[in-house]
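Trainee: Quick one: the structure is below, and I'll ask about it shortly.
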Amino acid sequence: MVVAAAHLEGGFVTDHASAEPLRGANSGDALVAEFVESWRGLEGDAWIVRGGRDEVRRTIGEAVRTMTGDGGPATRRRVLAWATADLASLELPGLLAEQGCEYVPWPSGSSGGADAAGAEAAAPTAAELLTLAAASDLGITTCAWAVAETGTIALYATPATGRLPSLLPTAHLALVRPSQIVETIADGLRLLADHMAQQGGPPSAVNLVSGPSRSADIEGDLAVGVHGPRRAGVIIGDW
Amino acid sequence: MPGELPPAGATWAERRRRALADPAMRAAVAKSTRNLAAKKEAAFAAYPAGEAMRTRAVIARRGSLARVDALLDELTRQIEARGGHVSRAAGPADVGRYVLDVARRRGVERVVKSKSMATEEIALNEQLEAAGLHVRETDLGEYIIQLAGERPAHILVPASHKTREQVRALFDEEAARCAVDPPTGDATPELTAFARRQLREDFLAADMGISGGNFLVAETGTLVLITNEGNGRMTTSLPPVHIAVVGIDKIVATWIDLADLLQQPALSGTGQRLSTYTTFITGPRREGELDGPEEFHLVLLDNGRHELLGTEFEDVLTCIRCGACLNVCPVFRTIGGQAYGSMYSGPIGVVLTPLLGGLDRAPELPKSACSLCYACGDACPMEIELPRHILALRRTEVERSMEPWTDRLTFELWGRFWANPAGFRLTGRMARLGQRAYVRDGRLKGAPGLVGGWTATRDAPPLARESFHEWWSRRRTSRAGS
């Protein structure tokens with residue numbers, strides 16, 4: 001926990017905080033369970049995967065079907081996914097092709113894998129990416145860390161991990177490793193502080209996302225999916 | 001320099017009359033405020049850590065205010081080092097000029113906005129529209145209010161006074177204007193789907209996004225934006241230019257301060273543990289990034305804030321705009337937000353409106369829009385002494401406005417008369433005699449002179465046949481005799 005005395009002076013540089021353990025008594029499975037309970041409480045979808053890579057791949061397929069609707073043969077669903085090294089081993093192009101989806105990697109913007117193979121497209125402009133993201137049914141990302149007691153995932157904006165895939169598609173699916181889950185927001189911000197200390201400052205944008213977009217602006221009645229994704233899903237597992 | 005707020009529009013009497021004559025609005029406000037107040041209670045009850053964070057957050061906010069100038073300098077250095085721009089604005093005109101300069105340079109035609117009290121305070125939309133820009137509010141509640149041509153009626157839920165039928169009518173009109181399909185019905189998902197579709201178009205076509213800010217972190221030059229709908233993310237991610245207009249009071253020194261503050265707007269506002277989207281923005285997009293704004297500007301708004309530093313009212317600058325004081329206020333629940341004639345309504349509005357805009361802007365608020373029940377003082381998560389401030393402003397206003405000299409003399413003599421027990425008792429006996437002509441059906445339904453002002457709009461129980469003091473004396477005498 002952050003102690004009150006720390007308020008008096010100093011920030012992430014002078015008060016480099018990760019010396020303390022991030023997790024108290026609560027660890028491992030208990031954190032996963034608490035995170036999932038919080039996330040579902042916010043109307044989010046959640047899958048826990050105990051097996052390894054193959055099981056995660058199978059679950060991604062299930063999540064894609066659940067979150068985008070089966071759609072039938074007439075509608076070809078478009079999935080926009082961060083093309084990071086971390087996700088490479090899941091071989092999303094093939095997996096999504098099996099699901100009948102078009103795979104669009106971020107940030108290159110050109111369809112990879114089974115779809116439009118060999119197309120030598122120039123790097124897309126920002127406007128093209130915007131249109132592409134807005135016309136996607138699902139965005140797939142990982143996260144930097146997740147918080148159990150609030151049901152929150154943290155997304156850092158970098159060239160490889162853009163803001164749009166978690167924002168504009170109709171649904172957003174995040175892959176979370178169990179070891180990334182911490183108990184409180186303060187614990188998560190401490191991980192951000194570590195990142196800042198290493199990188200000399202914060203990313204251009206950090207988004208903490210707690211479930212799908214919501215509003216209670218009409219008669220206090222909860223509406224899910226006003227501007228951001230209508231559905232927000234997490235798969236917790238290792239791959 | 002005191003600040004400048006947009007005019008109230010109608011007179012206090014007219015605003016009050018309109019509010020009291022609108023039972024649908026009053027029912028909607030009563031329902032939403034009770035609902036939000038209950039959610040806040042439940043959120044803290046289920047989450048003891050939230051209360052611990054809250055007490056630390058109060059210290060963090062006050063500590064940051066104590067050195068606000070140094071922190072603003074640090075914030076500016078940090079943002080400029082990351083390629084962002086920072087401008088200081090004394091009041092509404094400075095902000096308008098700055099935003100329009102950027103808009104002209106970038107050839108901006110269409111602006112999207114996420115919900116911001118600071119831009120309401122300076123009527124930025126009017127300034128931009130007067131210059132020919134198309135401005136779209138994108139928070140669902142603000143969108144409804146913009147279509148209705150009204151001002152937000154609640155800090156947090158600006159359209160909480162509207163019924164779904166009214167919302168549907170506004171959306172139908174907008175659909176006709178834009179030649180698009182109207183909402184398919186007045187169920188919440190149908191209304192929301194219409195707004196989503198319409199506002200998507202605005203987001204994708206916008207040349208500039210304007211946001212407010214919930215907090216600023218000095219040590220890294222970071223803007224913190226909290227929303228539930230995601231419109232804050234859209235506004236700050238999609239358009240090529242992002243301008244944030246933020247009051248200087250929103251600054252905190254460090255991320256450690258922020259850690260304790262971050263959940264407070266949600267806990268006290270809607271009863272969530274954290275709002276759905278919390279965004280930390282530090283400068284424009286970086287080298288190699290394909291999304292995010294090319295330009296980032298922060299306009300630091302003073303508008304009378306600096307003048308409050310070091311005064312007895314300083315703590316109002318720690319307000320996090322959660323609306324908790326509105327939700328417990330019996331006056332707000334009765335007349336709703338529009339009657340205050342200010343974007344800041346409820347108890348915080350009663351205090352903030354005259355403090356930022358001058359007492360001449362809203363003398364009626366501290367004088368009349370408070371029953372001194374003190375509920376707001378208990379509800380405020382930042383422990384702002386709202387009732388004390390309302391009393392202080394009321395005293396200033398009453399002393400200032402008590403004219404003619406006969407008023408002063410009357411109250412002076414009355415005060416002296418009642419300071420003496422014999423005088424007080426004499427008044428009671430006279431009143432009991434005098435009230436006979438006015439008591440009907442066991443209620444006091446009229447009175448002569450000064451008291452008539454009270455009974456003109458309400459009745460009262462009549463004075464008892466015997467005062468407590470008389471009863472006590474009689475009882476003691478009869479006992480002593482027995």
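Lettering and numbering for the structure tokens are positional, with chains as A, B, ... in the shown order, residues counted from 1 in each chain, and ligands counted from 1 in the shown order.
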At a cut-off of 6 Å, which residues of chain A touch chain B? Count only C-alpha atoms and give the answer as a list of chain:residue names.

Mentor: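 Residues satisfying the distance criterion: A:Gly11, A:Ala126, A:Thr150, A:Pro159, A:Ala186, A:Ser204, A:Ala205, A:Val206, A:Asn207, A:Leu208, A:Val209, A:Ser210, A:Ser213, A:Arg214, A:Ser215, A:Asp217, A:Glu219, A:Val226, A:His227, A:Gly228.
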
Trainee: Now that the selection is made, can you save its residues with N, CA and C atoms as a PDB file, in the first residue's frame?

Mentor:
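Output saved as result27.pdb:
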ATOM      1  N   GLY A  11       8.148  12.067  -6.181  1.00  0.00           N
ATOM      2  CA  GLY A  11       7.271  11.357  -7.090  1.00  0.00           C
ATOM      3  C   GLY A  11       7.877  10.059  -7.494  1.00  0.00           C
ATOM      4  N   ALA A 126      -2.819   7.482 -41.472  1.00  0.00           N
ATOM      5  CA  ALA A 126      -3.579   7.514 -40.224  1.00  0.00           C
ATOM      6  C   ALA A 126      -5.077   7.469 -40.512  1.00  0.00           C
ATOM      7  N   THR A 150     -10.692  -3.649  -8.927  1.00  0.00           N
ATOM      8  CA  THR A 150     -11.526  -2.749  -9.718  1.00  0.00           C
ATOM      9  C   THR A 150     -11.932  -3.356 -11.061  1.00  0.00           C
ATOM     10  N   PRO A 159       4.192   2.700 -30.609  1.00  0.00           N
ATOM     11  CA  PRO A 159       3.969   2.474 -32.042  1.00  0.00           C
ATOM     12  C   PRO A 159       3.357   1.100 -32.332  1.00  0.00           C
ATOM     13  N   ALA A 186      -3.257   1.304  -6.963  1.00  0.00           N
ATOM     14  CA  ALA A 186      -1.953   1.818  -6.512  1.00  0.00           C
ATOM     15  C   ALA A 186      -0.834   0.847  -6.908  1.00  0.00           C
ATOM     16  N   SER A 204       2.762   8.118 -24.290  1.00  0.00           N
ATOM     17  CA  SER A 204       1.941   9.259 -24.716  1.00  0.00           C
ATOM     18  C   SER A 204       0.510   9.110 -24.217  1.00  0.00           C
ATOM     19  N   ALA A 205       0.047   7.873 -24.123  1.00  0.00           N
ATOM     20  CA  ALA A 205      -1.285   7.646 -23.565  1.00  0.00           C
ATOM     21  C   ALA A 205      -1.309   6.317 -22.821  1.00  0.00           C
ATOM     22  N   VAL A 206      -1.929   6.323 -21.661  1.00  0.00           N
ATOM     23  CA  VAL A 206      -2.202   5.086 -20.928  1.00  0.00           C
ATOM     24  C   VAL A 206      -3.701   5.049 -20.727  1.00  0.00           C
ATOM     25  N   ASN A 207      -4.315   3.920 -21.063  1.00  0.00           N
ATOM     26  CA  ASN A 207      -5.751   3.791 -20.840  1.00  0.00           C
ATOM     27  C   ASN A 207      -6.032   2.688 -19.838  1.00  0.00           C
ATOM     28  N   LEU A 208      -6.729   3.056 -18.771  1.00  0.00           N
ATOM     29  CA  LEU A 208      -7.221   2.045 -17.838  1.00  0.00           C
ATOM     30  C   LEU A 208      -8.668   1.768 -18.243  1.00  0.00           C
ATOM     31  N   VAL A 209      -8.935   0.516 -18.557  1.00  0.00           N
ATOM     32  CA  VAL A 209     -10.257   0.145 -19.048  1.00  0.00           C
ATOM     33  C   VAL A 209     -10.900  -0.812 -18.051  1.00  0.00           C
ATOM     34  N   SER A 210     -12.093  -0.462 -17.591  1.00  0.00           N
ATOM     35  CA  SER A 210     -12.813  -1.308 -16.637  1.00  0.00           C
ATOM     36  C   SER A 210     -14.152  -1.701 -17.239  1.00  0.00           C
ATOM     37  N   SER A 213     -17.873   0.177 -22.455  1.00  0.00           N
ATOM     38  CA  SER A 213     -18.372   1.546 -22.394  1.00  0.00           C
ATOM     39  C   SER A 213     -19.769   1.582 -21.773  1.00  0.00           C
ATOM     40  N   ARG A 214     -20.020   2.536 -20.887  1.00  0.00           N
ATOM     41  CA  ARG A 214     -21.340   2.599 -20.255  1.00  0.00           C
ATOM     42  C   ARG A 214     -21.792   4.035 -20.022  1.00  0.00           C
ATOM     43  N   SER A 215     -23.100   4.192 -19.877  1.00  0.00           N
ATOM     44  CA  SER A 215     -23.667   5.506 -19.572  1.00  0.00           C
ATOM     45  C   SER A 215     -24.950   5.314 -18.788  1.00  0.00           C
ATOM     46  N   ASP A 217     -26.990   8.180 -18.636  1.00  0.00           N
ATOM     47  CA  ASP A 217     -27.464   9.537 -18.872  1.00  0.00           C
ATOM     48  C   ASP A 217     -28.944   9.633 -19.202  1.00  0.00           C
ATOM     49  N   GLU A 219     -32.366   8.792 -17.892  1.00  0.00           N
ATOM     50  CA  GLU A 219     -33.149   8.382 -16.719  1.00  0.00           C
ATOM     51  C   GLU A 219     -32.376   7.477 -15.765  1.00  0.00           C
ATOM     52  N   VAL A 226     -21.833   2.931 -25.451  1.00  0.00           N
ATOM     53  CA  VAL A 226     -22.247   4.209 -26.011  1.00  0.00           C
ATOM     54  C   VAL A 226     -21.276   4.647 -27.104  1.00  0.00           C
ATOM     55  N   HIS A 227     -20.004   4.775 -26.745  1.00  0.00           N
ATOM     56  CA  HIS A 227     -19.019   5.206 -27.735  1.00  0.00           C
ATOM     57  C   HIS A 227     -17.953   4.141 -27.963  1.00  0.00           C
ATOM     58  N   GLY A 228     -17.451   3.632 -26.872  1.00  0.00           N
ATOM     59  CA  GLY A 228     -16.396   2.634 -26.961  1.00  0.00           C
ATOM     60  C   GLY A 228     -17.005   1.277 -27.275  1.00  0.00           C
TER      61      GLY A 228
END

Trainee: From a DSSP calculation on the backbone, collect every residue of stretch 224-437 of chain B in strand (DSSP E or B) and output the set as a PyMOL selection string.

Mentor: chain B and resi 224-227+241-247+251-252+277-281+295-301

Trainee: Could those residues be written to a file, using N, CA and C atoms, as an mmCIF file, in the first residue's frame?

Mentor:
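Written output follows (part_38.cif):
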data_model
loop_
_atom_site.group_PDB
_atom_site.id
_atom_site.type_symbol
_atom_site.label_atom_id
_atom_site.label_comp_id
_atom_site.auth_asym_id
_atom_site.auth_seq_id
_atom_site.Cartn_x
_atom_site.Cartn_y
_atom_site.Cartn_z
ATOM 1 N N VAL B 224 -5.121 13.855 -16.833
ATOM 2 C CA VAL B 224 -5.920 12.688 -16.458
ATOM 3 C C VAL B 224 -7.380 12.961 -16.810
ATOM 4 N N LEU B 225 -7.951 12.044 -17.582
ATOM 5 C CA LEU B 225 -9.314 12.231 -18.063
ATOM 6 C C LEU B 225 -10.126 10.997 -17.691
ATOM 7 N N ILE B 226 -11.253 11.208 -17.034
ATOM 8 C CA ILE B 226 -12.064 10.101 -16.550
ATOM 9 C C ILE B 226 -13.433 10.145 -17.215
ATOM 10 N N THR B 227 -13.805 9.086 -17.941
ATOM 11 C CA THR B 227 -15.155 9.022 -18.509
ATOM 12 C C THR B 227 -15.692 7.601 -18.399
ATOM 13 N N VAL B 241 -5.824 17.226 -33.723
ATOM 14 C CA VAL B 241 -5.444 18.231 -32.720
ATOM 15 C C VAL B 241 -6.277 18.014 -31.460
ATOM 16 N N HIS B 242 -5.609 18.007 -30.324
ATOM 17 C CA HIS B 242 -6.323 17.899 -29.047
ATOM 18 C C HIS B 242 -5.988 19.117 -28.190
ATOM 19 N N ILE B 243 -7.034 19.820 -27.765
ATOM 20 C CA ILE B 243 -6.841 20.920 -26.821
ATOM 21 C C ILE B 243 -7.594 20.571 -25.540
ATOM 22 N N ALA B 244 -6.873 20.601 -24.426
ATOM 23 C CA ALA B 244 -7.508 20.377 -23.129
ATOM 24 C C ALA B 244 -7.608 21.717 -22.416
ATOM 25 N N VAL B 245 -8.803 22.027 -21.912
ATOM 26 C CA VAL B 245 -9.007 23.257 -21.141
ATOM 27 C C VAL B 245 -9.260 22.837 -19.694
ATOM 28 N N VAL B 246 -8.341 23.196 -18.801
ATOM 29 C CA VAL B 246 -8.391 22.672 -17.443
ATOM 30 C C VAL B 246 -8.144 23.798 -16.445
ATOM 31 N N GLY B 247 -8.937 23.841 -15.393
ATOM 32 C CA GLY B 247 -8.734 24.816 -14.322
ATOM 33 C C GLY B 247 -7.418 24.559 -13.604
ATOM 34 N N ILE B 251 -4.508 20.566 -10.415
ATOM 35 C CA ILE B 251 -3.152 20.029 -10.390
ATOM 36 C C ILE B 251 -2.839 19.277 -9.095
ATOM 37 N N VAL B 252 -2.121 18.166 -9.245
ATOM 38 C CA VAL B 252 -1.521 17.497 -8.092
ATOM 39 C C VAL B 252 -0.036 17.318 -8.383
ATOM 40 N N TYR B 277 -13.372 4.337 -18.128
ATOM 41 C CA TYR B 277 -12.135 4.721 -18.818
ATOM 42 C C TYR B 277 -11.396 5.808 -18.063
ATOM 43 N N THR B 278 -10.168 5.517 -17.710
ATOM 44 C CA THR B 278 -9.288 6.518 -17.134
ATOM 45 C C THR B 278 -8.114 6.654 -18.090
ATOM 46 N N THR B 279 -7.894 7.863 -18.593
ATOM 47 C CA THR B 279 -6.867 8.057 -19.608
ATOM 48 C C THR B 279 -5.799 9.015 -19.098
ATOM 49 N N PHE B 280 -4.528 8.606 -19.225
ATOM 50 C CA PHE B 280 -3.413 9.475 -18.868
ATOM 51 C C PHE B 280 -2.759 9.943 -20.164
ATOM 52 N N ILE B 281 -2.798 11.218 -20.434
ATOM 53 C CA ILE B 281 -2.245 11.740 -21.681
ATOM 54 C C ILE B 281 -1.030 12.594 -21.381
ATOM 55 N N GLU B 295 -0.982 17.219 -32.486
ATOM 56 C CA GLU B 295 -0.711 18.390 -31.633
ATOM 57 C C GLU B 295 -1.471 18.243 -30.321
ATOM 58 N N PHE B 296 -0.789 18.571 -29.230
ATOM 59 C CA PHE B 296 -1.453 18.578 -27.925
ATOM 60 C C PHE B 296 -1.279 19.950 -27.287
ATOM 61 N N HIS B 297 -2.390 20.546 -26.891
ATOM 62 C CA HIS B 297 -2.358 21.858 -26.238
ATOM 63 C C HIS B 297 -3.086 21.767 -24.898
ATOM 64 N N LEU B 298 -2.502 22.389 -23.901
ATOM 65 C CA LEU B 298 -3.193 22.506 -22.616
ATOM 66 C C LEU B 298 -3.410 23.982 -22.334
ATOM 67 N N VAL B 299 -4.674 24.355 -22.121
ATOM 68 C CA VAL B 299 -4.972 25.729 -21.723
ATOM 69 C C VAL B 299 -5.326 25.709 -20.239
ATOM 70 N N LEU B 300 -4.508 26.378 -19.445
ATOM 71 C CA LEU B 300 -4.725 26.422 -18.000
ATOM 72 C C LEU B 300 -5.605 27.616 -17.671
ATOM 73 N N LEU B 301 -6.789 27.321 -17.178
ATOM 74 C CA LEU B 301 -7.793 28.363 -16.956
ATOM 75 C C LEU B 301 -7.750 28.873 -15.517
#

Trainee: Which residues of stretch 34-63 of chain A sit at most 12 Å from stretch 137-141 of chain A, using only C-alpha atoms? Give each one's shortest atom pair and distance in Å (one decimal place), in chain and ascending residue order, as JSON lines.

Mentor:
{"residue": "A:Ile60", "atom": "CA", "partner": "A:Ile140", "partner_atom": "CA", "distance": 9.4}
{"residue": "A:Gly61", "atom": "CA", "partner": "A:Ile140", "partner_atom": "CA", "distance": 11.7}
{"residue": "A:Ala63", "atom": "CA", "partner": "A:Leu138", "partner_atom": "CA", "distance": 10.1}

Trainee: Export C-alpha atoms of the chosen residues as a PDB file, in the first residue's frame?

Mentor:
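Output file again17.pdb follows:
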ATOM      1  CA  ILE A  60      -9.753 -17.012 -28.542  1.00  0.00           C
ATOM      2  CA  GLY A  61     -11.820 -18.768 -31.192  1.00  0.00           C
ATOM      3  CA  ALA A  63     -14.386 -15.545 -27.638  1.00  0.00           C
TER       4      ALA A  63
END

Trainee: Neighbours of A:Leu42 within 8 Å (only C-alpha atoms; same-chain residues fewer than 2 positions away dropped), as a ChimeraX atom specification?

Mentor: /A:38-40,44,151,210-212

Trainee: Can you spit out the residues from that selection as a CSV table (one decimal), in the first residue's frame, using C-alpha atoms?

Mentor:
chain,number,residue,atom,x,y,z
A,38,SER,CA,-14.9,-7.6,-10.8
A,39,TRP,CA,-14.7,-7.7,-14.6
A,40,ARG,CA,-17.9,-9.7,-14.9
A,44,GLY,CA,-17.5,-7.8,-19.2
A,151,GLY,CA,-11.6,-5.1,-12.7
A,210,SER,CA,-12.8,-1.3,-16.6
A,211,GLY,CA,-15.4,-3.2,-18.7
A,212,PRO,CA,-17.4,-2.1,-21.7

Trainee: Give me, please, the distance in Å between atom CA of B:Arg34 and atom CA of B:Leu326, quoted to one decimal.

Mentor: 10.0 Å

Trainee: Set the distance at 6 Å and use only C-alpha atoms: which residues neighbour stretch 94-103 of chain A once local chain neighbours fewer than 6 positions away are removed? I'd like the list as an mmCIF file with N, CA and C atoms, in the first residue's frame.

Mentor:
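The result, stored in around_8.cif:
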data_model
loop_
_atom_site.group_PDB
_atom_site.id
_atom_site.type_symbol
_atom_site.label_atom_id
_atom_site.label_comp_id
_atom_site.auth_asym_id
_atom_site.auth_seq_id
_atom_site.Cartn_x
_atom_site.Cartn_y
_atom_site.Cartn_z
ATOM 1 N N ARG A 76 -18.663 -11.289 -43.194
ATOM 2 C CA ARG A 76 -17.284 -11.644 -42.896
ATOM 3 C C ARG A 76 -16.804 -10.656 -41.844
ATOM 4 N N ARG A 77 -16.453 -11.196 -40.679
ATOM 5 C CA ARG A 77 -16.082 -10.302 -39.595
ATOM 6 C C ARG A 77 -14.616 -9.899 -39.689
ATOM 7 N N ARG A 78 -14.347 -8.659 -39.339
ATOM 8 C CA ARG A 78 -12.983 -8.149 -39.414
ATOM 9 C C ARG A 78 -12.404 -8.014 -38.001
ATOM 10 N N VAL A 79 -11.221 -8.567 -37.819
ATOM 11 C CA VAL A 79 -10.580 -8.513 -36.506
ATOM 12 C C VAL A 79 -9.253 -7.776 -36.631
ATOM 13 N N SER A 111 -3.846 -6.999 -44.545
ATOM 14 C CA SER A 111 -4.236 -8.320 -44.087
ATOM 15 C C SER A 111 -3.069 -9.281 -44.239
#

Trainee: State, in Å with one decimal place, the distance from atom CA of A:Val36 to atom CA of A:Val234.

Mentor: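 Separation between atom CA of A:Val36 and atom CA of A:Val234: 8.5 Å.
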
Trainee: I'd like the contact shell of A:Pro178 - 12 Å cut-off, only C-alpha atoms, skipping same-chain residues fewer than 5 positions apart - returned as a PyMOL selection string.

Mentor: chain A and resi 27-36+47-50+143-148+183+234-239

Trainee: According to DSSP computed on the backbone, where in stretch 2-238 of chain A is there alpha helix (DSSP H)? Give the residues as an MDAnalysis selection string.

Mentor: chainID A and resid 29:41 53:68 85:88 92:98 126:134 185:199

Trainee: I need the chosen residues saved as a short mmCIF file (atom, residue, chain, number, x, y, z; two decimals), in the first residue's frame, with C-alpha atoms.

Mentor:
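The resulting file, selection-v1.cif, is reproduced below:
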data_model
loop_
_atom_site.label_atom_id
_atom_site.label_comp_id
_atom_site.auth_asym_id
_atom_site.auth_seq_id
_atom_site.Cartn_x
_atom_site.Cartn_y
_atom_site.Cartn_z
CA ASP A 29 -5.51 -17.93 -8.21
CA ALA A 30 -7.20 -15.66 -5.70
CA LEU A 31 -6.21 -12.59 -7.71
CA VAL A 32 -7.40 -14.20 -10.93
CA ALA A 33 -10.73 -15.06 -9.32
CA GLU A 34 -11.16 -11.58 -7.88
CA PHE A 35 -10.27 -9.94 -11.18
CA VAL A 36 -12.74 -12.08 -13.08
CA GLU A 37 -15.49 -11.41 -10.55
CA SER A 38 -14.90 -7.65 -10.78
CA TRP A 39 -14.74 -7.71 -14.58
CA ARG A 40 -17.95 -9.72 -14.91
CA GLY A 41 -19.58 -7.38 -12.40
CA ARG A 53 -0.97 -22.03 -25.83
CA ASP A 54 -3.33 -24.42 -27.59
CA GLU A 55 -6.01 -23.90 -24.99
CA VAL A 56 -5.60 -20.12 -25.25
CA ARG A 57 -5.95 -20.35 -29.03
CA ARG A 58 -9.08 -22.44 -28.74
CA THR A 59 -10.53 -19.94 -26.25
CA ILE A 60 -9.75 -17.01 -28.54
CA GLY A 61 -11.82 -18.77 -31.19
CA GLU A 62 -14.68 -19.16 -28.75
CA ALA A 63 -14.39 -15.54 -27.64
CA VAL A 64 -14.42 -14.32 -31.25
CA ARG A 65 -17.60 -16.28 -31.92
CA THR A 66 -19.27 -15.13 -28.71
CA MET A 67 -18.31 -11.49 -28.93
CA THR A 68 -18.91 -10.83 -32.61
CA ALA A 85 6.03 -10.31 -30.58
CA ASP A 86 4.06 -11.43 -27.53
CA LEU A 87 1.06 -12.32 -29.67
CA ALA A 88 3.08 -13.82 -32.55
CA LEU A 92 -3.65 -15.33 -34.98
CA PRO A 93 -3.81 -15.17 -38.82
CA GLY A 94 -4.48 -18.88 -39.12
CA LEU A 95 -6.74 -19.00 -36.09
CA LEU A 96 -8.92 -16.18 -37.34
CA ALA A 97 -9.07 -17.61 -40.86
CA GLU A 98 -10.47 -20.81 -39.33
CA ALA A 126 -3.58 7.51 -40.22
CA ALA A 127 -6.92 8.23 -41.87
CA GLU A 128 -6.98 4.79 -43.48
CA LEU A 129 -6.26 3.13 -40.14
CA LEU A 130 -9.05 5.11 -38.55
CA THR A 131 -11.55 3.94 -41.13
CA LEU A 132 -10.26 0.39 -40.89
CA ALA A 133 -10.52 0.34 -37.08
CA ALA A 134 -14.01 1.84 -37.10
CA ILE A 185 -4.84 0.57 -8.64
CA ALA A 186 -1.95 1.82 -6.51
CA ASP A 187 -0.09 -1.45 -7.23
CA GLY A 188 -0.69 -0.97 -10.93
CA LEU A 189 0.45 2.63 -10.85
CA ARG A 190 3.63 1.40 -9.21
CA LEU A 191 4.29 -0.77 -12.24
CA LEU A 192 3.67 2.30 -14.37
CA ALA A 193 6.15 4.16 -12.17
CA ASP A 194 8.76 1.46 -12.91
CA HIS A 195 8.07 1.91 -16.60
CA MET A 196 8.39 5.68 -16.27
CA ALA A 197 11.66 5.38 -14.38
CA GLN A 198 13.09 3.18 -17.15
CA GLN A 199 11.72 5.18 -20.07
#

Trainee: Can you tell me how far atom CA of B:Arg394 sits from atom CA of B:Ala8, in Å to one decimal?

Mentor: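 Interatomic distance, atom CA of B:Arg394 to atom CA of B:Ala8: 18.8 Å.
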